>>> print(open('entry-v4.csv').read())   # CSV, C-alpha atoms
chain,number,residue,atom,x,y,z
A,1,MET,CA,-4.3,6.7,-15.1
A,2,VAL,CA,-1.4,7.8,-17.3
A,3,LYS,CA,-1.3,11.0,-19.2
A,4,CYS,CA,-0.7,10.5,-22.9
A,5,TRP,CA,1.8,13.2,-23.8
A,6,ASN,CA,-0.1,14.4,-26.9
A,7,ILE,CA,-0.2,11.0,-28.5
A,8,LEU,CA,-1.8,11.5,-31.8
A,9,LEU,CA,-1.7,8.1,-33.4
A,10,ILE,CA,-2.0,4.4,-32.7
A,11,VAL,CA,0.0,1.9,-34.7
A,12,VAL,CA,-0.3,-1.8,-35.3
A,13,VAL,CA,2.8,-3.8,-36.4
A,14,THR,CA,3.5,-7.3,-37.5
A,15,ILE,CA,6.2,-8.6,-35.2
A,16,SER,CA,9.3,-10.4,-36.2
A,17,LEU,CA,10.8,-10.9,-32.8
A,18,VAL,CA,12.3,-14.3,-32.0
A,19,TYR,CA,9.3,-15.3,-29.8
A,20,ALA,CA,6.6,-14.4,-32.3
A,21,LYS,CA,4.8,-16.4,-35.0
A,22,LYS,CA,5.1,-15.1,-38.5
A,23,HIS,CA,2.0,-13.4,-39.8
A,24,LYS,CA,1.2,-10.8,-42.4
A,25,PRO,CA,-2.2,-9.2,-42.1
A,26,THR,CA,-3.8,-7.0,-44.7
A,27,ILE,CA,-4.4,-3.6,-43.2
A,28,PRO,CA,-5.5,-1.0,-45.8
A,29,VAL,CA,-3.6,1.9,-44.1
A,30,LYS,CA,-0.6,3.9,-45.3
A,31,PRO,CA,2.6,2.2,-44.2
A,32,ILE,CA,5.2,3.8,-42.0
A,33,TYR,CA,8.8,3.5,-43.0
A,34,LEU,CA,11.1,2.1,-40.3
A,35,GLU,CA,14.0,4.0,-38.7
A,36,ASP,CA,17.3,2.2,-38.7
A,37,GLY,CA,17.3,-0.4,-35.9
A,38,GLU,CA,13.5,-0.9,-35.9
A,39,SER,CA,13.5,-3.2,-38.9
A,40,THR,CA,15.4,-5.8,-37.0
A,41,HIS,CA,12.4,-6.5,-34.8
A,42,LEU,CA,9.4,-4.9,-36.4
A,43,LYS,CA,7.8,-4.9,-39.8
A,44,ASP,CA,4.7,-3.7,-41.7
A,45,ILE,CA,3.9,-0.8,-39.3
A,46,LYS,CA,0.5,0.7,-40.0
A,47,GLN,CA,-0.8,4.0,-38.6
A,48,ILE,CA,-4.4,3.4,-37.7
A,49,THR,CA,-5.5,6.7,-36.1
A,50,ASN,CA,-5.1,10.2,-37.6
A,51,GLY,CA,-5.8,13.3,-35.5
A,52,GLY,CA,-7.0,13.9,-32.0
A,53,THR,CA,-5.3,12.5,-28.9
A,54,ASN,CA,-5.3,8.7,-28.8
A,55,ALA,CA,-3.9,6.4,-26.2
A,56,GLU,CA,-4.0,3.0,-24.5
A,57,ALA,CA,-5.2,0.7,-27.3
A,58,TYR,CA,-5.9,-2.9,-26.2
A,59,PHE,CA,-7.0,-5.9,-28.3
A,60,SER,CA,-10.3,-7.7,-28.0
A,61,PHE,CA,-9.9,-11.4,-27.2
A,62,ASP,CA,-10.7,-12.4,-30.9
A,63,ASN,CA,-8.0,-9.9,-32.0
A,64,LYS,CA,-10.4,-8.1,-34.4
A,65,ARG,CA,-10.9,-4.8,-32.5
A,66,LEU,CA,-9.1,-2.4,-30.3
A,67,SER,CA,-10.5,-0.4,-27.4
A,68,PHE,CA,-8.8,3.0,-26.7
A,69,GLN,CA,-9.2,6.4,-25.1
A,70,ALA,CA,-9.2,9.6,-27.1
A,71,ILE,CA,-10.0,13.3,-27.2
A,72,THR,CA,-11.3,13.7,-30.7
A,73,GLY,CA,-14.0,15.0,-33.0
A,74,PRO,CA,-16.8,17.3,-32.0
A,75,LEU,CA,-17.1,15.8,-28.6
A,76,GLY,CA,-13.4,16.5,-28.0
A,77,GLU,CA,-14.1,20.2,-28.7
A,78,THR,CA,-16.9,20.5,-26.2
A,79,HIS,CA,-15.7,17.9,-23.7
A,80,PRO,CA,-11.9,18.0,-23.8
A,81,CYS,CA,-11.0,15.0,-21.8
A,82,ASP,CA,-10.6,11.3,-22.6
A,83,GLN,CA,-13.6,9.2,-23.6
A,84,ILE,CA,-13.6,5.5,-24.6
A,85,TYR,CA,-13.9,4.2,-28.2
A,86,SER,CA,-13.5,1.0,-30.1
A,87,MET,CA,-12.4,0.3,-33.7
A,88,ASN,CA,-11.3,-2.4,-36.0
A,89,ILE,CA,-7.6,-3.2,-36.0
A,90,ASP,CA,-7.3,-1.4,-39.3
A,91,GLY,CA,-8.7,1.8,-37.8
A,92,SER,CA,-12.1,1.6,-39.4
A,93,ASP,CA,-15.5,1.6,-37.7
A,94,ILE,CA,-14.7,3.8,-34.8
A,95,GLN,CA,-17.5,3.7,-32.2
A,96,GLN,CA,-17.9,5.7,-29.1
A,97,VAL,CA,-18.3,3.4,-26.1
A,98,SER,CA,-18.5,5.7,-23.1
A,99,THR,CA,-21.2,8.1,-22.2
A,100,GLY,CA,-19.5,11.4,-23.0
A,101,LYS,CA,-19.6,12.3,-19.3
A,102,GLY,CA,-16.7,12.6,-16.8
A,103,ARG,CA,-13.1,11.7,-17.5
A,104,ASP,CA,-12.5,8.1,-18.8
A,105,THR,CA,-9.5,5.9,-19.0
A,106,CYS,CA,-8.1,2.3,-19.0
A,107,SER,CA,-10.6,0.3,-21.2
A,108,PHE,CA,-10.4,-3.4,-21.8
A,109,TYR,CA,-12.6,-6.0,-23.6
A,110,TYR,CA,-14.2,-8.8,-21.8
A,111,PRO,CA,-13.5,-12.3,-23.2
A,112,ASP,CA,-17.1,-12.5,-24.7
A,113,GLY,CA,-16.4,-9.4,-26.9
A,114,LYS,CA,-19.8,-8.1,-25.8
A,115,HIS,CA,-18.7,-6.2,-22.8
A,116,MET,CA,-15.9,-3.8,-21.9
A,117,LEU,CA,-14.7,-2.3,-18.7
A,118,TYR,CA,-13.2,1.1,-18.2
A,119,SER,CA,-12.7,3.7,-15.4
A,120,SER,CA,-14.5,7.0,-15.2
A,121,THR,CA,-15.3,9.9,-12.9
A,122,MET,CA,-18.8,10.1,-14.4
A,123,ALA,CA,-20.5,8.9,-11.2
A,124,TYR,CA,-19.4,12.0,-9.4
A,125,SER,CA,-19.6,14.6,-12.2
A,126,SER,CA,-20.6,14.8,-15.9
A,127,TYR,CA,-17.8,17.4,-16.4
A,128,CYS,CA,-14.1,16.7,-17.0
A,129,ALA,CA,-12.2,16.2,-13.8
A,130,PRO,CA,-9.8,19.1,-13.4
A,131,VAL,CA,-6.1,18.7,-14.3
A,132,PRO,CA,-3.5,19.2,-11.6
A,133,ASP,CA,-2.1,22.7,-10.8
A,134,PRO,CA,0.9,23.3,-13.1
A,135,ASP,CA,2.8,24.8,-10.1
A,136,TYR,CA,3.4,21.2,-9.0
A,137,GLY,CA,5.4,20.5,-12.2
A,138,TYR,CA,5.0,17.3,-14.1
A,139,VAL,CA,2.6,15.2,-12.2
A,140,TRP,CA,-0.1,12.6,-12.9
A,141,PRO,CA,-3.6,13.0,-11.4
A,142,ILE,CA,-5.0,10.3,-9.1
A,143,TYR,CA,-8.7,11.0,-9.0
A,144,LYS,CA,-10.5,9.5,-6.0
A,145,GLU,CA,-13.7,9.8,-8.1
A,146,MET,CA,-12.4,7.3,-10.6
A,147,GLU,CA,-14.5,4.1,-10.5
A,148,ILE,CA,-14.5,0.9,-12.6
A,149,PHE,CA,-17.5,0.2,-14.8
A,150,GLN,CA,-18.7,-2.6,-17.1
A,151,VAL,CA,-20.6,-1.6,-20.2
A,152,ASP,CA,-22.7,-3.8,-22.5
A,153,LEU,CA,-21.6,-2.9,-26.0
A,154,GLY,CA,-24.9,-3.8,-27.4
A,155,THR,CA,-27.2,-1.9,-25.1
A,156,GLY,CA,-24.9,0.6,-23.4
A,157,GLU,CA,-26.1,-0.6,-20.0
A,158,LEU,CA,-23.6,0.2,-17.3
A,159,VAL,CA,-22.7,-1.8,-14.2
A,160,GLN,CA,-20.5,0.0,-11.6
A,161,LEU,CA,-18.0,-2.6,-10.3
A,162,THR,CA,-16.3,-0.4,-7.6
A,163,ASP,CA,-17.9,2.1,-5.3
A,164,ASN,CA,-15.7,3.8,-2.8
A,165,ASP,CA,-13.9,7.1,-2.1
A,166,ALA,CA,-10.7,5.9,-3.8
A,167,TYR,CA,-9.0,5.8,-7.1
A,168,ASP,CA,-9.8,2.5,-9.0
A,169,ALA,CA,-8.3,2.2,-12.5
A,170,GLU,CA,-5.6,0.8,-14.7
A,171,THR,CA,-7.5,-2.5,-15.1
A,172,THR,CA,-6.6,-5.4,-17.4
A,173,ILE,CA,-8.1,-8.8,-17.8
A,174,SER,CA,-6.1,-12.1,-17.8
A,175,PRO,CA,-5.6,-13.7,-21.2
A,176,THR,CA,-7.1,-16.8,-19.5
A,177,GLY,CA,-10.3,-14.8,-19.1
A,178,ASP,CA,-11.0,-15.5,-15.5
A,179,PHE,CA,-9.9,-12.5,-13.4
A,180,ALA,CA,-8.6,-9.0,-13.6
A,181,VAL,CA,-6.0,-6.8,-11.9
A,182,PHE,CA,-6.2,-3.1,-11.2
A,183,THR,CA,-4.7,-0.2,-9.2
A,184,SER,CA,-6.5,1.3,-6.2
A,185,THR,CA,-5.9,3.7,-3.3
A,186,ARG,CA,-8.6,2.0,-1.2
A,187,ASP,CA,-6.1,1.1,1.6
A,188,GLY,CA,-4.4,4.5,1.6
A,189,ASP,CA,-1.6,3.9,-0.9
A,190,LEU,CA,-1.5,3.0,-4.6
A,191,GLU,CA,-1.5,-0.8,-4.6
A,192,ILE,CA,-2.3,-3.7,-7.0
A,193,TYR,CA,-5.4,-5.8,-6.5
A,194,SER,CA,-7.1,-8.7,-8.3
A,195,MET,CA,-10.8,-9.3,-8.7
A,196,ALA,CA,-13.3,-11.5,-10.4
A,197,LEU,CA,-14.7,-10.1,-13.7
A,198,ASN,CA,-17.9,-9.0,-11.9
A,199,GLY,CA,-16.0,-7.0,-9.3
A,200,SER,CA,-16.2,-9.5,-6.5
A,201,ASP,CA,-13.4,-11.4,-4.7
A,202,VAL,CA,-11.0,-8.4,-4.4
A,203,ARG,CA,-7.6,-9.4,-3.2
A,204,ARG,CA,-4.6,-7.2,-2.5
A,205,LEU,CA,-1.4,-8.3,-4.2
A,206,THR,CA,1.2,-5.6,-3.2
A,207,TYR,CA,2.2,-4.2,0.2
A,208,THR,CA,5.3,-2.0,-0.3
A,209,PRO,CA,4.8,1.8,0.2
A,210,GLY,CA,5.0,3.7,-3.1
A,211,TYR,CA,3.2,3.8,-6.4
A,212,ASP,CA,2.3,0.3,-7.7
A,213,GLY,CA,0.4,0.7,-10.9
A,214,GLY,CA,-0.3,-0.4,-14.5
A,215,PRO,CA,-0.6,-4.2,-13.8
A,216,VAL,CA,-0.9,-6.8,-16.6
A,217,ILE,CA,-1.3,-10.6,-16.4
A,218,SER,CA,0.8,-13.2,-18.2
A,219,TYR,CA,-0.6,-15.3,-21.0
A,220,ASN,CA,-0.7,-18.4,-18.7
A,221,GLY,CA,-2.6,-16.4,-16.0
A,222,LYS,CA,0.0,-17.1,-13.4
A,223,MET,CA,2.1,-13.9,-13.2
A,224,VAL,CA,1.5,-10.2,-12.9
A,225,ALA,CA,3.9,-7.4,-14.0
A,226,TRP,CA,3.6,-3.7,-13.1
A,227,ARG,CA,5.6,-0.5,-12.6
A,228,ALA,CA,6.5,0.8,-9.2
A,229,ASP,CA,8.1,3.7,-7.4
A,230,ARG,CA,9.8,2.7,-4.1
A,231,PRO,CA,10.6,6.0,-2.3
A,232,ILE,CA,12.2,5.9,1.1
A,233,GLY,CA,12.9,8.6,3.8
A,234,GLN,CA,11.9,12.1,2.9
A,235,ALA,CA,11.0,10.9,-0.7
A,236,LEU,CA,8.4,8.7,0.8
A,237,THR,CA,7.0,11.5,2.9
A,238,ASP,CA,6.9,13.7,-0.2
A,239,TYR,CA,5.1,11.0,-2.2
A,240,LEU,CA,2.5,10.5,0.5
A,241,ASN,CA,1.9,14.2,0.8
A,242,LEU,CA,1.3,14.5,-2.9
A,243,LEU,CA,-0.9,11.5,-3.0
A,244,GLU,CA,-3.1,13.1,-0.3
A,245,LEU,CA,-3.5,15.9,-2.8
A,246,GLY,CA,-4.4,13.5,-5.6
A,247,ILE,CA,-1.2,13.6,-7.6
A,248,VAL,CA,2.0,11.6,-8.1
A,249,MET,CA,5.3,12.7,-9.6
A,250,PRO,CA,6.5,9.9,-11.9
A,251,THR,CA,10.2,10.6,-12.0
A,252,GLN,CA,11.5,7.1,-11.3
A,253,MET,CA,9.7,3.8,-11.8
A,254,GLU,CA,11.0,0.2,-12.1
A,255,LEU,CA,9.4,-2.9,-13.3
A,256,TYR,CA,8.4,-5.8,-11.0
A,257,VAL,CA,6.9,-9.2,-11.6
A,258,LEU,CA,4.8,-11.3,-9.2
A,259,THR,CA,5.9,-14.8,-10.4
A,260,ASP,CA,3.0,-16.5,-8.5
A,261,VAL,CA,-0.2,-14.5,-8.4
A,262,ASN,CA,-1.3,-16.4,-5.4
A,263,ASN,CA,1.8,-15.6,-3.4
A,264,PRO,CA,2.4,-11.8,-2.7
A,265,LEU,CA,5.9,-12.6,-1.6
A,266,SER,CA,7.0,-13.9,-5.0
A,267,VAL,CA,8.1,-10.4,-6.2
A,268,VAL,CA,11.1,-10.0,-8.5
A,269,GLN,CA,12.5,-6.6,-9.5
A,270,LEU,CA,13.2,-6.7,-13.2
A,271,THR,CA,14.8,-3.2,-14.0
A,272,ASN,CA,17.0,-1.1,-11.8
A,273,ASN,CA,18.2,1.9,-14.0
A,274,GLY,CA,16.7,4.8,-12.0
A,275,LYS,CA,14.7,6.0,-15.0
A,276,VAL,CA,11.0,5.8,-15.8
A,277,ASN,CA,10.1,2.3,-16.9
A,278,PHE,CA,6.4,1.6,-17.3
A,279,ALA,CA,3.6,0.1,-19.5
A,280,PRO,CA,4.8,-3.5,-19.3
A,281,TYR,CA,3.1,-6.3,-21.3
A,282,PHE,CA,4.2,-10.0,-21.3
A,283,LEU,CA,5.8,-11.4,-24.4
A,284,PRO,CA,3.5,-14.0,-26.1
A,285,ASP,CA,5.5,-16.9,-24.7
A,286,ASP,CA,5.7,-15.4,-21.2
A,287,SER,CA,9.5,-15.4,-21.4
A,288,GLY,CA,9.8,-11.6,-20.7
A,289,LEU,CA,8.2,-8.2,-21.1
A,290,ILE,CA,7.9,-5.5,-23.6
A,291,PHE,CA,7.7,-2.0,-22.0
A,292,SER,CA,8.3,1.7,-22.4
A,293,SER,CA,11.3,3.6,-20.9
A,294,ASN,CA,13.3,6.8,-21.1
A,295,MET,CA,16.5,4.9,-20.1
A,296,ASP,CA,18.4,6.2,-23.2
A,297,SER,CA,17.0,9.7,-23.1
A,298,THR,CA,19.5,12.5,-22.3
A,299,ASP,CA,16.8,14.8,-20.9
A,300,GLY,CA,14.3,12.2,-19.7
A,301,GLY,CA,11.6,13.2,-22.3
A,302,GLU,CA,12.1,10.5,-25.0
A,303,PHE,CA,10.4,7.2,-24.5
A,304,HIS,CA,10.9,4.0,-26.5
A,305,LEU,CA,9.9,0.4,-26.5
A,306,TYR,CA,12.2,-2.3,-25.1
A,307,SER,CA,12.0,-6.0,-24.4
A,308,ILE,CA,13.7,-7.9,-21.5
A,309,ARG,CA,13.6,-11.5,-20.3
A,310,LEU,CA,12.2,-12.3,-16.9
A,311,ASP,CA,15.7,-13.1,-15.7
A,312,GLY,CA,16.8,-9.6,-16.5
A,313,THR,CA,18.9,-10.5,-19.5
A,314,ASN,CA,18.6,-9.7,-23.3
A,315,LEU,CA,17.5,-6.1,-22.8
A,316,THR,CA,16.7,-4.9,-26.4
A,317,ARG,CA,15.6,-1.6,-27.8
A,318,LEU,CA,12.8,-2.0,-30.3
A,319,THR,CA,11.8,1.6,-31.4
A,320,TYR,CA,13.8,4.6,-32.6
A,321,ASP,CA,11.3,6.9,-34.3
A,322,GLY,CA,9.4,9.6,-32.5
A,323,ASN,CA,9.8,10.9,-29.0
A,324,PHE,CA,7.2,8.9,-27.3
A,325,ASN,CA,6.4,5.2,-27.8
A,326,SER,CA,4.4,3.4,-25.1
A,327,PHE,CA,1.5,1.3,-24.0
A,328,PRO,CA,2.4,-1.8,-26.1
A,329,MET,CA,0.1,-4.8,-26.2
A,330,PHE,CA,0.4,-8.0,-28.2
A,331,SER,CA,-2.7,-9.6,-29.7
A,332,PHE,CA,-4.0,-12.6,-27.8
A,333,ASP,CA,-2.7,-14.9,-30.6
A,334,GLY,CA,0.8,-13.2,-30.3
A,335,LYS,CA,0.9,-12.2,-34.0
A,336,LEU,CA,0.4,-8.4,-33.8
A,337,LEU,CA,1.6,-5.6,-31.6
A,338,ALA,CA,-0.2,-2.3,-31.0
A,339,TRP,CA,1.2,0.8,-29.3
A,340,GLU,CA,0.9,4.5,-29.5
A,341,SER,CA,3.5,6.9,-30.8
A,342,ASP,CA,4.0,10.5,-31.7
A,343,ARG,CA,5.7,9.7,-35.0
A,344,ASN,CA,3.9,11.6,-37.7
A,345,ALA,CA,2.1,13.7,-35.1
A,346,LYS,CA,0.5,16.8,-36.5
A,347,GLN,CA,0.3,18.9,-33.3
>>> encode(input="entry-v4.csv", output="structure tokens")
Amino acid sequence: MVKCWNILLIVVVTISLVYAKKHKPTIPVKPIYLEDGESTHLKDIKQITNGGTNAEAYFSFDNKRLSFQAITGPLGETHPCDQIYSMNIDGSDIQQVSTGKGRDTCSFYYPDGKHMLYSSTMAYSSYCAPVPDPDYGYVWPIYKEMEIFQVDLGTGELVQLTDNDAYDAETTISPTGDFAVFTSTRDGDLEIYSMALNGSDVRRLTYTPGYDGGPVISYNGKMVAWRADRPIGQALTDYLNLLELGIVMPTQMELYVLTDVNNPLSVVQLTNNGKVNFAPYFLPDDSGLIFSSNMDSTDGGEFHLYSIRLDGTNLTRLTYDGNFNSFPMFSFDGKLLAWESDRNAKQ
């Protein structure tokens, strides 16, 4: 699970990158004016949330709706931790999906559009899982109570897909619609796994010590990209000690690609800048990734979207407005891009 840095809005944009098809949707939301540099690659940005804390918006397979997590409305006042919602891509028809219990994250539509998966601590407690002690500094929580659930969007019926004393989250489903990938501590470290959509046939994909997380699958279903921290020596000892406490310190993460999902040895490191690079998603033609990074930040606190080809070339900065832009996802038809940003944030 990734904290959302007070993200207050989710934006959808028509993309004009060289690998994208031209498209101009009608979204009845006030437009956002582009900063210098953004207009080269992005156009028709629309803000689709307003208020609350909103994060990790992901398209349904028919490209008509978005799932996302938020702390918002009356529920956010009484239960101040993320719950799962869905909405049309213009921000209308917001519906609560999760139960209002526990702390939720990492939602994703099933191909049929009738089901969704997400991770939650609700099986262990109806209350918000506690945030880490601030004395540890800037850390991300790794809740061992976090399990993956499938929900029927029509009936609300829940099916628990994982059941162990380990963190299971950060799940995404292949655009080919036949398997999912997720992050888990079930083997003592944060590693990437694949599974069938019903939770069966779990296979481990990564084996190097350190935080492997946030996996996504290529459009052709053959590759997996993720972020990873590869500490060694005392840094590895410190990492493992923090993980035992249920936290990680995300100060350096690079992007990796498994070029053959059936071969755990086919790992390629894509970035090597010593900064925090995360939230990758494949470009619509699978030629590269879009991702978030603080590589140009002087103090490490400013994150923007970048694209890079799978051979490590053509690194391009895409966003310039705001201090935090992350969790990008292209629609399944490759025509739209959704991400969250603190541009226009009110608090």
>>> residues_around(input="entry-v4.csv", residues="Pro141 in chain A", least_positions_apart="4", cutoff="12 Å", atoms="all atoms listed in the file", output="ChimeraX atom specification")
/A:1-3,103,105,129-134,136-137,145-146,167,169,242-250
>>> closest_residue(input="entry-v4.csv", among="A:Ala180, A:Val97, A:Leu289, A:Cys81", to="Ile192 in chain A", atoms="all atoms listed in the file")
A:Ala180
>>> closest_residue(input="entry-v4.csv", among="A:Thr237, A:Ser67, A:Gln83, A:Gln160", to="Gly102 in chain A", atoms="all atoms listed in the file")
A:Gln83
>>> closest_residue(input="entry-v4.csv", among="A:Asp82, A:Glu254, A:Asp93, A:Asp62", to="Met295 in chain A", atoms="only C-alpha atoms")
A:Glu254
>>> closest_residue(input="entry-v4.csv", among="A:Gly156, A:Thr176, A:Arg204, A:Thr185", to="Asn263 in chain A", atoms="all atoms listed in the file")
A:Arg204
>>> closest_residue(input="entry-v4.csv", among="A:Asp201, A:Asp333, A:Asp260, A:Asp135", to="Leu283 in chain A", atoms="all atoms listed in the file")
A:Asp333
>>> closest_atom_pairs(input="entry-v4.csv", of="range 282-338 of chain A", to="range 45-53 of chain A", cutoff="12 Å", atoms="all atoms listed in the file", output="CSV")
residue,atom,partner,partner_atom,distance
A:Thr319,CA,A:Ile45,CA,11.4
A:Asp321,CA,A:Ile45,CA,11.8
A:Leu336,CA,A:Ile45,CA,10.0
A:Leu337,CA,A:Ile45,CA,9.4
A:Ala338,CA,A:Ile45,CA,9.4
>>> atom_distance(input="entry-v4.csv", atom1="CA of Ser331 in chain A", atom2="CA of Leu75 in chain A")
29.2 Å
>>> closest_residue(input="entry-v4.csv", among="A:Ser92, A:Ser184, A:Ser326, A:Asn314", to="Phe291 in chain A", atoms="all atoms listed in the file")
A:Ser326
>>> atom_distance(input="entry-v4.csv", atom1="CA of Pro80 in chain A", atom2="CA of Cys128 in chain A")
7.3 Å
>>> residues_near_point(input="entry-v4.csv", point="(0.7, -2.8, -16.5)", cutoff="9 Å", atoms="only C-alpha atoms", output="PyMOL selection string")
chain A and resi 170-172+182+213-217+224-227+278-281+291+327
>>> atom_distance(input="entry-v4.csv", atom1="CA of Phe332 in chain A", atom2="CA of Lys222 in chain A")
15.6 Å
>>> residues_around(input="entry-v4.csv", residues="Lys275 in chain A", least_positions_apart="6", cutoff="12 Å", atoms="all atoms listed in the file", output="PyMOL selection string")
chain A and resi 227-229+250-255+292-303
>>> residues_around(input="entry-v4.csv", residues="Glu147 in chain A", least_positions_apart="3", cutoff="6 Å", atoms="all atoms listed in the file", output="PyMOL selection string")
chain A and resi 119-120+162+168
>>> decode(input="entry-v4.csv", residues="range 238-257 of chain A", atoms="N, CA and C atoms", output="short mmCIF file (atom, residue, chain, number, x, y, z; two decimals), in the first residue's frame")
data_model
loop_
_atom_site.label_atom_id
_atom_site.label_comp_id
_atom_site.auth_asym_id
_atom_site.auth_seq_id
_atom_site.Cartn_x
_atom_site.Cartn_y
_atom_site.Cartn_z
N ASP A 238 18.79 -3.12 8.14
CA ASP A 238 17.84 -2.09 8.60
C ASP A 238 16.48 -2.28 7.96
N TYR A 239 16.46 -2.59 6.67
CA TYR A 239 15.20 -2.82 5.97
C TYR A 239 14.42 -3.98 6.60
N LEU A 240 15.11 -5.09 6.84
CA LEU A 240 14.45 -6.27 7.40
C LEU A 240 13.96 -6.01 8.82
N ASN A 241 14.71 -5.22 9.58
CA ASN A 241 14.28 -4.88 10.94
C ASN A 241 13.01 -4.03 10.91
N LEU A 242 12.96 -3.07 9.98
CA LEU A 242 11.75 -2.25 9.85
C LEU A 242 10.57 -3.08 9.35
N LEU A 243 10.84 -3.98 8.41
CA LEU A 243 9.76 -4.82 7.89
C LEU A 243 9.16 -5.68 8.99
N GLU A 244 10.00 -6.14 9.90
CA GLU A 244 9.50 -6.92 11.03
C GLU A 244 8.54 -6.09 11.88
N LEU A 245 8.74 -4.77 11.87
CA LEU A 245 7.85 -3.87 12.61
C LEU A 245 6.64 -3.46 11.78
N GLY A 246 6.59 -3.90 10.51
CA GLY A 246 5.46 -3.58 9.66
C GLY A 246 5.56 -2.25 8.95
N ILE A 247 6.78 -1.80 8.68
CA ILE A 247 6.98 -0.54 7.96
C ILE A 247 8.17 -0.67 7.01
N VAL A 248 8.19 0.18 6.00
CA VAL A 248 9.34 0.31 5.10
C VAL A 248 9.62 1.80 4.92
N MET A 249 10.88 2.12 4.59
CA MET A 249 11.29 3.50 4.39
C MET A 249 11.63 3.69 2.91
N PRO A 250 10.72 4.29 2.12
CA PRO A 250 10.88 4.36 0.67
C PRO A 250 11.76 5.53 0.22
N THR A 251 13.05 5.43 0.45
CA THR A 251 13.95 6.52 0.10
C THR A 251 14.65 6.31 -1.23
N GLN A 252 14.64 5.08 -1.73
CA GLN A 252 15.27 4.81 -3.03
C GLN A 252 14.59 3.60 -3.65
N MET A 253 14.01 3.78 -4.83
CA MET A 253 13.36 2.68 -5.54
C MET A 253 13.62 2.83 -7.04
N GLU A 254 13.95 1.73 -7.68
CA GLU A 254 14.17 1.71 -9.12
C GLU A 254 13.11 0.85 -9.79
N LEU A 255 12.98 1.00 -11.10
CA LEU A 255 11.99 0.24 -11.86
C LEU A 255 12.63 -0.97 -12.50
N TYR A 256 11.90 -2.08 -12.47
CA TYR A 256 12.35 -3.33 -13.05
C TYR A 256 11.25 -3.89 -13.95
N VAL A 257 11.66 -4.69 -14.93
CA VAL A 257 10.71 -5.35 -15.83
C VAL A 257 11.08 -6.82 -15.95
#
